[in-house]
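Novice: My structure is in coords12.csv, and what it holds is CSV, C-alpha atoms:
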chain,number,residue,atom,x,y,z
A,218,MET,CA,119.6,110.3,88.4
A,219,SER,CA,119.9,113.7,86.8
A,220,TYR,CA,117.4,116.5,87.7
A,221,LYS,CA,117.2,117.1,84.0
A,222,LEU,CA,115.0,114.1,83.7
A,223,LEU,CA,112.5,115.5,86.2
A,224,PHE,CA,112.4,118.9,84.6
A,225,SER,CA,112.0,117.3,81.1
A,226,ALA,CA,109.1,115.3,82.4
A,227,LEU,CA,107.4,118.3,84.0
A,228,LEU,CA,108.0,120.3,80.8
A,229,LEU,CA,106.4,117.6,78.7
A,230,LEU,CA,103.4,117.5,81.1
A,231,GLY,CA,103.0,121.2,80.7
A,232,VAL,CA,103.2,121.1,76.9
A,233,PHE,CA,100.5,118.5,76.8
A,234,LEU,CA,98.3,120.4,79.3
A,235,PHE,CA,98.4,123.7,77.5
A,236,THR,CA,97.9,122.2,74.1
A,237,THR,CA,95.0,120.0,74.9
A,238,GLU,CA,92.9,121.8,77.5
A,239,MET,CA,90.0,124.0,76.5
A,240,PRO,CA,87.9,126.0,79.0
A,241,TYR,CA,84.4,125.4,77.8
A,242,ALA,CA,82.5,122.5,76.4
A,243,GLN,CA,80.8,125.0,74.0
A,244,GLU,CA,84.1,125.3,72.2
A,245,GLN,CA,84.8,121.6,72.1
A,246,GLY,CA,81.4,120.1,71.4
A,247,VAL,CA,79.4,118.2,74.1
A,248,PRO,CA,78.5,114.5,73.7
A,249,SER,CA,74.7,114.1,73.6
A,250,ASP,CA,74.7,111.8,76.7
A,251,SER,CA,76.8,114.2,78.8
A,252,LEU,CA,75.4,116.2,81.7
A,253,VAL,CA,76.0,119.9,81.2
A,254,SER,CA,75.6,123.1,83.1
A,255,ILE,CA,74.3,126.0,80.9
A,256,SER,CA,74.8,129.5,82.2
A,257,LEU,CA,72.2,132.0,80.8
A,258,LYS,CA,72.3,135.8,80.5
A,259,ASP,CA,69.5,136.3,83.0
A,260,GLY,CA,71.7,134.8,85.7
A,261,THR,CA,70.1,131.3,85.9
A,262,THR,CA,71.8,128.0,85.4
A,263,LEU,CA,70.2,125.0,83.7
A,264,THR,CA,71.4,121.4,84.3
A,265,GLY,CA,70.6,118.5,82.0
A,266,LYS,CA,71.4,116.6,78.8
A,267,ILE,CA,71.5,118.2,75.3
A,268,VAL,CA,69.2,115.9,73.2
A,269,HIS,CA,69.0,118.1,70.1
A,270,GLU,CA,70.7,121.3,68.8
A,271,ASP,CA,70.8,123.5,65.7
A,272,GLU,CA,72.1,126.9,64.8
A,273,VAL,CA,69.2,128.7,66.7
A,274,SER,CA,68.6,126.7,69.9
A,275,LEU,CA,69.3,123.7,72.1
A,276,LYS,CA,66.9,121.2,73.5
A,277,VAL,CA,67.8,120.1,77.0
A,278,VAL,CA,66.2,117.4,79.2
A,279,THR,CA,66.5,118.2,82.9
A,280,PRO,CA,66.9,115.6,85.8
A,281,ALA,CA,63.2,116.0,86.4
A,282,GLU,CA,62.6,114.8,82.8
A,283,LEU,CA,61.4,118.3,81.7
A,284,GLU,CA,62.2,119.3,78.1
A,285,VAL,CA,63.4,122.8,77.7
A,286,GLU,CA,64.3,124.7,74.5
A,287,VAL,CA,67.1,127.2,75.1
A,288,PRO,CA,67.9,130.0,72.5
A,289,ARG,CA,71.6,130.1,71.7
A,290,SER,CA,71.4,133.9,72.0
A,291,SER,CA,70.6,133.6,75.7
A,292,ILE,CA,73.6,131.3,76.5
A,293,ILE,CA,76.8,132.5,78.1
A,294,SER,CA,78.6,129.2,78.5
A,295,ILE,CA,78.1,125.4,78.4
A,296,LYS,CA,80.2,123.4,80.8
A,297,PRO,CA,80.3,119.6,81.1
A,298,LEU,CA,79.5,118.3,84.6
A,299,ARG,CA,81.9,115.8,86.1
A,300,GLY,CA,79.4,113.4,87.6
A,301,ARG,CA,76.2,111.4,87.1
A,302,MET,CA,72.6,111.4,88.0
A,303,VAL,CA,71.3,108.9,90.6
A,304,GLU,CA,67.6,108.8,91.2
A,305,GLY,CA,67.2,112.3,90.0
A,306,GLN,CA,70.1,113.7,92.1
A,307,PHE,CA,73.4,114.8,90.7
A,308,TYR,CA,76.5,113.2,92.2
A,309,ARG,CA,79.9,114.7,91.3
A,310,PHE,CA,82.8,112.4,90.5
A,311,ASP,CA,85.7,112.0,93.0
A,312,PRO,CA,88.5,114.1,91.4
A,313,ASN,CA,91.1,111.8,93.1
A,314,TYR,CA,89.6,108.6,91.6
A,315,SER,CA,92.9,107.1,90.5
A,316,ARG,CA,94.4,107.0,94.1
A,317,LEU,CA,93.7,105.8,97.5
A,318,MET,CA,95.7,107.9,100.1
A,319,PHE,CA,99.3,107.3,99.1
A,320,ALA,CA,99.0,104.3,96.8
A,321,PRO,CA,97.2,104.2,93.4
A,322,SER,CA,93.9,102.5,92.9
A,323,GLY,CA,93.4,100.2,89.9
A,324,ARG,CA,91.7,102.9,87.9
A,325,PRO,CA,94.0,104.6,85.4
A,326,LEU,CA,94.2,108.3,84.9
A,327,ARG,CA,92.3,109.2,81.7
A,328,LYS,CA,93.9,110.7,78.7
A,329,GLY,CA,94.0,114.5,78.8
A,330,GLU,CA,93.6,114.6,82.6
A,331,GLY,CA,96.2,115.4,85.2
A,332,TYR,CA,96.5,116.3,88.8
A,333,PHE,CA,98.7,118.3,91.2
A,334,PHE,CA,99.1,116.8,94.6
A,335,ASP,CA,100.8,117.8,97.9
A,336,THR,CA,101.3,115.5,100.9
A,337,TYR,CA,102.2,117.1,104.3
A,338,VAL,CA,102.8,120.3,102.3
A,339,LEU,CA,106.4,119.1,101.8
A,340,PHE,CA,106.0,116.5,99.1
A,341,PRO,CA,104.3,118.1,96.0
A,342,GLY,CA,104.0,116.5,92.5
A,343,VAL,CA,102.1,116.4,89.3
A,344,ALA,CA,100.7,113.6,87.1
A,345,TRP,CA,99.4,113.5,83.6
A,346,GLY,CA,97.5,110.9,81.5
A,347,PHE,CA,99.2,110.7,78.1
A,348,THR,CA,96.7,108.0,77.0
A,349,ASP,CA,93.8,106.2,78.7
A,350,ASN,CA,96.4,103.5,79.6
A,351,PHE,CA,99.6,105.4,80.4
A,352,SER,CA,100.4,108.1,82.9
A,353,LEU,CA,103.4,109.6,84.6
A,354,MET,CA,103.8,111.2,88.0
A,355,ALA,CA,106.8,113.4,89.0
A,356,GLY,CA,107.6,115.4,92.1
A,357,LEU,CA,110.3,117.0,94.2
A,358,SER,CA,110.2,117.5,98.0
A,359,VAL,CA,110.5,121.0,99.4
A,360,VAL,CA,111.8,120.3,102.9
A,361,PRO,CA,113.0,123.5,104.6
A,362,GLY,CA,116.7,123.6,105.5
A,363,VAL,CA,117.6,120.8,103.0
A,364,ASP,CA,119.8,121.8,100.0
A,365,PHE,CA,118.1,121.6,96.6
A,366,GLY,CA,120.5,118.8,95.5
A,367,ASP,CA,119.5,116.7,98.6
A,368,GLN,CA,115.7,117.0,98.2
A,369,LEU,CA,113.8,113.8,97.4
A,370,LEU,CA,113.0,113.4,93.7
A,371,TYR,CA,110.3,110.8,92.8
A,372,LEU,CA,108.9,109.4,89.5
A,373,ALA,CA,106.1,106.9,88.9
A,374,PRO,CA,105.2,105.6,85.4
A,375,ARG,CA,102.0,103.6,85.3
A,376,ILE,CA,100.1,101.5,82.9
A,377,GLY,CA,96.4,100.8,83.5
A,378,PHE,CA,93.3,99.2,82.0
A,379,GLN,CA,89.6,99.9,82.8
A,380,THR,CA,88.2,96.6,81.6
A,381,SER,CA,84.6,97.3,82.7
A,382,ASP,CA,82.6,99.7,84.9
A,383,GLU,CA,83.4,97.5,87.9
A,384,PHE,CA,87.0,96.4,87.3
A,385,ALA,CA,90.3,98.1,86.6
A,386,MET,CA,94.0,97.2,87.1
A,387,SER,CA,97.3,99.1,87.0
A,388,PHE,CA,101.0,98.2,86.9
A,389,GLY,CA,103.8,100.5,87.6
A,390,ALA,CA,106.8,101.5,89.7
A,391,LEU,CA,107.7,104.3,92.1
A,392,TYR,CA,111.3,105.5,91.9
A,393,ALA,CA,112.6,107.9,94.6
A,394,THR,CA,116.2,109.2,94.9
A,395,ALA,CA,118.2,111.6,97.0
A,396,ASP,CA,122.0,112.1,97.0
A,397,ARG,CA,122.5,109.3,94.4
A,398,ASP,CA,120.9,106.5,96.4
A,399,ALA,CA,117.5,105.3,95.3
A,400,VAL,CA,114.6,103.2,96.7
A,401,GLY,CA,111.3,102.3,95.2
A,402,ILE,CA,108.6,99.7,94.7
A,403,ALA,CA,107.2,97.9,91.6
A,404,PHE,CA,103.5,97.2,92.0
A,405,ALA,CA,100.4,95.7,90.5
A,406,VAL,CA,97.0,96.8,91.8
A,407,ALA,CA,93.3,96.1,91.0
A,408,SER,CA,90.0,97.8,92.0
A,409,MET,CA,86.7,96.1,92.0
A,410,GLY,CA,83.3,97.7,92.3
A,411,GLN,CA,81.6,101.0,91.4
A,412,PRO,CA,83.6,104.3,91.8
A,413,ASP,CA,81.4,105.2,94.8
A,414,LYS,CA,82.1,101.9,96.6
A,415,SER,CA,85.0,99.7,95.7
A,416,PHE,CA,87.7,97.4,97.1
A,417,THR,CA,91.3,97.6,96.0
A,418,ALA,CA,94.1,94.9,96.4
A,419,GLY,CA,97.6,94.9,95.2
A,420,LEU,CA,101.1,93.5,95.5
A,421,GLY,CA,104.4,95.4,95.6
A,422,LEU,CA,108.0,94.4,95.7
A,423,GLY,CA,110.5,97.0,97.1
A,424,TYR,CA,114.0,97.6,95.7
A,425,THR,CA,117.1,99.6,96.5
A,426,LYS,CA,119.8,101.1,94.2
A,427,LEU,CA,122.8,102.3,96.3
A,428,GLU,CA,125.6,104.2,94.7
A,429,ASP,CA,128.1,101.9,92.9
A,430,GLU,CA,125.9,98.9,93.6
A,431,ASP,CA,123.5,96.9,91.5
A,432,LEU,CA,119.7,97.1,91.7
A,433,GLU,CA,118.5,94.8,94.5
A,434,PHE,CA,114.9,93.7,95.0
A,435,GLY,CA,113.4,92.6,98.4
A,436,ASP,CA,112.8,89.0,99.2
A,437,HIS,CA,109.2,89.4,100.3
A,438,PRO,CA,106.2,91.3,98.7
A,439,VAL,CA,104.1,93.9,100.3
A,440,ILE,CA,100.3,93.4,100.2
A,441,LEU,CA,98.0,96.3,99.8
A,442,LEU,CA,94.3,96.2,100.9
A,443,GLY,CA,92.1,99.2,100.7
A,444,GLY,CA,89.0,100.8,99.4
A,445,ASN,CA,86.6,103.7,99.4
A,446,VAL,CA,82.9,104.4,100.2
A,447,ARG,CA,81.0,107.5,99.3
A,448,LEU,CA,79.3,109.1,102.3
A,449,SER,CA,77.7,112.1,100.6
A,450,ASN,CA,78.0,114.2,97.4
A,451,SER,CA,81.2,115.8,98.8
A,452,THR,CA,82.7,113.2,101.2
A,453,ALA,CA,84.0,109.7,101.1
A,454,LEU,CA,85.7,107.3,103.5
A,455,VAL,CA,89.1,106.0,102.2
A,456,SER,CA,91.2,103.2,103.6
A,457,GLU,CA,94.7,102.0,102.7
A,458,ASN,CA,96.5,99.2,104.6
A,459,TRP,CA,99.8,97.6,104.1
A,460,LEU,CA,100.9,94.1,105.1
A,461,ILE,CA,104.7,93.9,105.0
A,462,THR,CA,105.4,90.2,104.7
A,463,GLY,CA,108.6,88.3,105.7
A,464,GLY,CA,110.2,86.5,108.6
A,465,ASP,CA,110.0,89.6,110.9
A,466,PHE,CA,106.3,90.1,110.2
A,467,GLU,CA,104.5,91.4,113.3
A,468,PHE,CA,100.9,92.6,113.2
A,469,GLY,CA,101.6,95.5,115.5
A,470,ASN,CA,104.2,96.9,113.1
A,471,GLN,CA,101.8,97.0,110.1
A,472,PRO,CA,100.5,100.4,108.9
A,473,PHE,CA,96.7,100.8,108.6
A,474,ALA,CA,95.4,104.1,107.4
A,475,LEU,CA,91.9,105.7,107.3
A,476,ALA,CA,90.9,109.1,106.0
A,477,ILE,CA,87.9,111.3,105.2
A,478,ARG,CA,88.0,112.7,101.7
A,479,PHE,CA,86.4,116.1,101.2
A,480,PHE,CA,86.0,116.9,97.5
A,481,GLY,CA,84.4,119.4,95.1
A,482,GLU,CA,84.4,119.3,91.3
A,483,ARG,CA,88.2,119.5,91.0
A,484,LEU,CA,89.8,119.7,94.5
A,485,ALA,CA,90.0,116.8,97.0
A,486,ALA,CA,91.6,116.8,100.5
A,487,ASP,CA,92.3,113.7,102.6
A,488,VAL,CA,92.4,114.1,106.4
A,489,GLY,CA,93.1,111.0,108.4
A,490,ALA,CA,95.5,108.9,110.4
A,491,ILE,CA,98.0,106.1,110.0
A,492,LEU,CA,97.6,103.5,112.7
A,493,ILE,CA,100.6,101.5,113.7
A,494,GLY,CA,100.1,99.5,116.9
A,495,GLU,CA,103.6,100.1,118.4
A,496,VAL,CA,103.4,103.8,117.6
A,497,ILE,CA,100.0,104.2,119.2
A,498,GLU,CA,101.3,102.5,122.4
A,499,GLU,CA,103.9,105.3,122.6
A,500,GLY,CA,101.4,108.1,122.0
A,501,PHE,CA,99.1,109.1,119.1
A,502,PRO,CA,98.4,107.9,115.5
A,503,ILE,CA,100.4,109.5,112.7
A,504,PRO,CA,98.3,112.2,111.1
A,505,TRP,CA,97.7,112.2,107.4
A,506,LEU,CA,97.1,115.3,105.3
A,507,SER,CA,97.1,115.6,101.5
A,508,PHE,CA,95.2,117.4,98.7
A,509,THR,CA,94.8,116.9,95.0
A,510,TYR,CA,93.7,119.3,92.3
A,511,ASN,CA,92.5,117.6,89.1
A,512,PHE,CA,92.9,119.5,85.8
A,513,GLY,CA,92.5,118.8,82.2
A,514,ARG,CA,89.4,117.6,80.3
Represent the structure of the file as structure tokens.
Specialist:
Amino acid sequence: MSYKLLFSALLLLGVFLFTTEMPYAQEQGVPSDSLVSISLKDGTTLTGKIVHEDEVSLKVVTPAELEVEVPRSSIISIKPLRGRMVEGQFYRFDPNYSRLMFAPSGRPLRKGEGYFFDTYVLFPGVAWGFTDNFSLMAGLSVVPGVDFGDQLLYLAPRIGFQTSDEFAMSFGALYATADRDAVGIAFAVASMGQPDKSFTAGLGLGYTKLEDEDLEFGDHPVILLGGNVRLSNSTALVSENWLITGGDFEFGNQPFALAIRFFGERLAADVGAILIGEVIEEGFPIPWLSFTYNFGR
């Protein structure tokens, strides 16, 4: 596979990013049911929903159900809040909602949103939602001491559907190549439950494409079981577990992973461990470290 394909994909992502993103909701218009943060010239910040506006002022309803009229002349900026109100308290959205740890969740990346990610510092990449149903991820490893032409290149197109607030499914494939040989996995995954507490299950079928040989799929699927539970306004527990089926299946060889996700409005970091029985018997679990920065709308 040519590196030109990767660079073309990254260039296309960049064009979409810079032609669609705007810095402030005041410039774009804010839906009447959206939570916003209004910065005022006196240094205060007002949080609530805009229920009425005209050329002179805005009428805002706060989480405490207070109605406040704000003169436009006193406003510095209006910014949409990425979250929701629960019993009068604001809970921000998880910026890494479309993924577990390594694997995708069933929730598709929304149109106009993207993210930059980096796993173990050595495996960065970027993804972009071209529509509410189609996204593309691309990346290139940066392993020290490895020539540029021998670095691992990876692509993952994905089609997803959010059919309701509590159910979403995605289909796609991961393609990774280095030095003309390629491996990957085709997958289908579904998530059930609210974003703050959900269960994810999926099936994957691995494949290889060696130089001068035909594409060859594996004989047995891989089963994905995972989920997430919010612990606070800025932390969540994430689990991702793989069952590699087949005649050589041994429970002690299966990877089970658990991480704490720390997140703000845009940035999320996963810190955890991959637990494989035979590896633990020889020493310690395999550490897991990754972070994601969500950008776009």
Novice: If you measure from atom CA of Phe473 of chain A to atom CA of Leu492 of chain A, what distance in Å do you get, rounded to one decimal?
Specialist: 5.0 Å
Novice: I'd like the contact shell of Asp367 of chain A - 12 Å cut-off, all atoms listed in the file, skipping same-chain residues fewer than 4 positions apart - returned as number ranges by chain.
Specialist: A: 220, 357-363, 393-398
Novice: For atom CA of Arg309 of chain A and atom CA of Ile267 of chain A, quote the distance in Å rounded to one decimal.
Specialist: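 Going from atom CA of Arg309 of chain A over to atom CA of Ile267 of chain A covers 18.4 Å.
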Novice: Quick one, how far is atom CA of Ala405 of chain A from atom CA of Ala320 of chain A?
Specialist: 10.8 Å
Novice: Looking at A:Gly356, A:Gly342, A:Pro325, A:Pro288, which one is nearest to Thr380 of chain A, with distances taken over all atoms listed in the file?
Specialist: A:Pro325
Novice: My list of candidates is A:Thr425, A:Ser449, A:Ser251, A:Ser256. Which is closest to Arg299 of chain A when distances are computed with all atoms listed in the file?
Specialist: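 Ranked by minimum distance to Arg299 of chain A, first place goes to A:Ser251.
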Novice: Within 12 Å of segment 458-468 of chain A, which residues of segment 333-433 of chain A show up? Give each one with its shortest atom-to-atom distance in Å (one decimal) and the two atoms involved, counting only C-alpha atoms, rows by chain then rising residue number, as CSV.
Specialist:
residue,atom,partner,partner_atom,distance
A:Phe416,CA,A:Asn458,CA,11.7
A:Thr417,CA,A:Asn458,CA,10.2
A:Ala418,CA,A:Asn458,CA,9.6
A:Gly419,CA,A:Trp459,CA,9.6
A:Leu420,CA,A:Trp459,CA,9.6
A:Gly421,CA,A:Ile461,CA,9.5
A:Leu422,CA,A:Ile461,CA,9.9
A:Gly423,CA,A:Ile461,CA,10.3
Novice: Mind writing the picked residues with C-alpha atoms as an mmCIF file, keeping the file's coordinate frame?
Specialist:
data_model
loop_
_atom_site.group_PDB
_atom_site.id
_atom_site.type_symbol
_atom_site.label_atom_id
_atom_site.label_comp_id
_atom_site.auth_asym_id
_atom_site.auth_seq_id
_atom_site.Cartn_x
_atom_site.Cartn_y
_atom_site.Cartn_z
ATOM 1 C CA PHE A 416 87.700 97.400 97.100
ATOM 2 C CA THR A 417 91.300 97.600 96.000
ATOM 3 C CA ALA A 418 94.100 94.900 96.400
ATOM 4 C CA GLY A 419 97.600 94.900 95.200
ATOM 5 C CA LEU A 420 101.100 93.500 95.500
ATOM 6 C CA GLY A 421 104.400 95.400 95.600
ATOM 7 C CA LEU A 422 108.000 94.400 95.700
ATOM 8 C CA GLY A 423 110.500 97.000 97.100
#
Novice: Within 12 Å of (117.0, 95.7, 90.1) (coordinates as in the file), grab all the protein and nucleic acid residues, counting all atoms listed in the file, and write them out as a list in words.
Specialist: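 Nearby residues: Ala390, Tyr392, Ala399, Val400, Gly401, Ile402, Ala403, Leu422, Gly423, Tyr424, Thr425, Lys426, Leu427, Glu430, Asp431, Leu432, Glu433, Phe434 and Gly435 of chain A.
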Novice: Please list, as an mmCIF file with C-alpha atoms, in the frame of the given file, the residues that have an atom at most 9 Å away from (96.5, 119.7, 102.2) in the coordinates of this file, counting all atoms listed in the file.
Specialist:
data_model
loop_
_atom_site.group_PDB
_atom_site.id
_atom_site.type_symbol
_atom_site.label_atom_id
_atom_site.label_comp_id
_atom_site.auth_asym_id
_atom_site.auth_seq_id
_atom_site.Cartn_x
_atom_site.Cartn_y
_atom_site.Cartn_z
ATOM 1 C CA PHE A 334 99.100 116.800 94.600
ATOM 2 C CA ASP A 335 100.800 117.800 97.900
ATOM 3 C CA THR A 336 101.300 115.500 100.900
ATOM 4 C CA TYR A 337 102.200 117.100 104.300
ATOM 5 C CA VAL A 338 102.800 120.300 102.300
ATOM 6 C CA ALA A 485 90.000 116.800 97.000
ATOM 7 C CA ALA A 486 91.600 116.800 100.500
ATOM 8 C CA ASP A 487 92.300 113.700 102.600
ATOM 9 C CA VAL A 488 92.400 114.100 106.400
ATOM 10 C CA LEU A 506 97.100 115.300 105.300
ATOM 11 C CA SER A 507 97.100 115.600 101.500
ATOM 12 C CA PHE A 508 95.200 117.400 98.700
ATOM 13 C CA THR A 509 94.800 116.900 95.000
#
Novice: Of the residues A:Met302, A:Val439, A:Ala407, A:Ala373, which is the one nearest to Glu282 of chain A, using all atoms listed in the file?
Specialist: A:Met302
Novice: Rank A:Ala490, A:Ala476, A:Val406, A:Ala344 by their smallest atom-to-atom distance to Ile440 of chain A, using all atoms listed in the file, and report the top residue only.
Specialist: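 Among the listed residues, the smallest separation from Ile440 of chain A belongs to A:Val406.
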Novice: Check the smallest atom-to-atom distance from each of A:Met386, A:Leu441, A:Ile477, A:Ile295 to Leu326 of chain A using all atoms listed in the file, then report the winner.
Specialist: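 Between A:Met386, A:Leu441, A:Ile477, A:Ile295, the residue approaching Leu326 of chain A most closely is A:Met386.
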Novice: Near Ile497 of chain A, counting all atoms listed in the file, which residues have an atom at most 12 Å away, once you skip same-chain residues fewer than 4 positions from it, shown as a ChimeraX atom specification?
Specialist: /A:469-473,490-493,501-504
Novice: Kindly output segment 384-415 of chain A as a CSV table (one decimal), in the frame of the given file, after building N, CA and C atoms.
Specialist:
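The resulting rebuild29.csv:
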chain,number,residue,atom,x,y,z
A,384,PHE,N,85.7,97.0,87.1
A,384,PHE,CA,87.0,96.4,87.3
A,384,PHE,C,88.1,97.2,86.5
A,385,ALA,N,89.2,97.4,87.2
A,385,ALA,CA,90.3,98.1,86.6
A,385,ALA,C,91.6,97.6,87.3
A,386,MET,N,92.7,97.6,86.5
A,386,MET,CA,94.0,97.2,87.1
A,386,MET,C,95.1,98.1,86.5
A,387,SER,N,96.1,98.2,87.3
A,387,SER,CA,97.3,99.1,87.0
A,387,SER,C,98.6,98.4,87.4
A,388,PHE,N,99.6,98.7,86.6
A,388,PHE,CA,101.0,98.2,86.9
A,388,PHE,C,101.9,99.4,86.8
A,389,GLY,N,102.9,99.4,87.6
A,389,GLY,CA,103.8,100.5,87.6
A,389,GLY,C,105.0,100.4,88.6
A,390,ALA,N,105.7,101.5,88.8
A,390,ALA,CA,106.8,101.5,89.7
A,390,ALA,C,107.0,102.9,90.2
A,391,LEU,N,107.4,103.0,91.5
A,391,LEU,CA,107.7,104.3,92.1
A,391,LEU,C,109.2,104.3,92.3
A,392,TYR,N,109.9,105.4,91.8
A,392,TYR,CA,111.3,105.5,91.9
A,392,TYR,C,111.6,106.8,92.7
A,393,ALA,N,112.3,106.7,93.8
A,393,ALA,CA,112.6,107.9,94.6
A,393,ALA,C,114.1,107.9,94.9
A,394,THR,N,114.7,109.1,94.7
A,394,THR,CA,116.2,109.2,94.9
A,394,THR,C,116.6,110.5,95.6
A,395,ALA,N,117.6,110.5,96.3
A,395,ALA,CA,118.2,111.6,97.0
A,395,ALA,C,119.7,111.3,97.2
A,396,ASP,N,120.5,112.2,96.8
A,396,ASP,CA,122.0,112.1,97.0
A,396,ASP,C,122.5,110.8,96.4
A,397,ARG,N,122.0,110.4,95.2
A,397,ARG,CA,122.5,109.3,94.4
A,397,ARG,C,122.1,107.9,94.8
A,398,ASP,N,121.5,107.8,96.0
A,398,ASP,CA,120.9,106.5,96.4
A,398,ASP,C,119.4,106.5,96.0
A,399,ALA,N,118.9,105.4,95.7
A,399,ALA,CA,117.5,105.3,95.3
A,399,ALA,C,116.8,104.1,95.9
A,400,VAL,N,115.5,104.3,96.2
A,400,VAL,CA,114.6,103.2,96.7
A,400,VAL,C,113.3,103.3,95.8
A,401,GLY,N,112.5,102.2,95.9
A,401,GLY,CA,111.3,102.3,95.2
A,401,GLY,C,110.5,101.0,95.4
A,402,ILE,N,109.4,100.9,94.6
A,402,ILE,CA,108.6,99.7,94.7
A,402,ILE,C,107.9,99.5,93.3
A,403,ALA,N,108.0,98.3,92.8
A,403,ALA,CA,107.2,97.9,91.6
A,403,ALA,C,105.9,97.3,92.1
A,404,PHE,N,104.8,97.6,91.4
A,404,PHE,CA,103.5,97.2,92.0
A,404,PHE,C,102.5,96.8,90.9
A,405,ALA,N,101.5,96.0,91.3
A,405,ALA,CA,100.4,95.7,90.5
A,405,ALA,C,99.2,95.8,91.4
A,406,VAL,N,98.1,96.5,91.0
A,406,VAL,CA,97.0,96.8,91.8
A,406,VAL,C,95.7,96.7,91.0
A,407,ALA,N,94.6,96.2,91.6
A,407,ALA,CA,93.3,96.1,91.0
A,407,ALA,C,92.2,96.6,91.9
A,408,SER,N,91.2,97.3,91.3
A,408,SER,CA,90.0,97.8,92.0
A,408,SER,C,88.8,97.1,91.4
A,409,MET,N,87.9,96.7,92.4
A,409,MET,CA,86.7,96.1,92.0
A,409,MET,C,85.5,96.8,92.6
A,410,GLY,N,84.5,97.1,91.8
A,410,GLY,CA,83.3,97.7,92.3
A,410,GLY,C,83.0,99.1,91.6
A,411,GLN,N,81.9,99.7,91.9
A,411,GLN,CA,81.6,101.0,91.4
A,411,GLN,C,82.6,102.1,92.0
A,412,PRO,N,82.8,103.2,91.3
A,412,PRO,CA,83.6,104.3,91.8
A,412,PRO,C,83.2,104.8,93.2
A,413,ASP,N,81.9,104.7,93.5
A,413,ASP,CA,81.4,105.2,94.8
A,413,ASP,C,81.6,104.2,95.9
A,414,LYS,N,81.9,102.9,95.6
A,414,LYS,CA,82.1,101.9,96.6
A,414,LYS,C,82.9,100.8,96.0
A,415,SER,N,84.2,100.7,96.4
A,415,SER,CA,85.0,99.7,95.7
A,415,SER,C,86.1,99.2,96.7
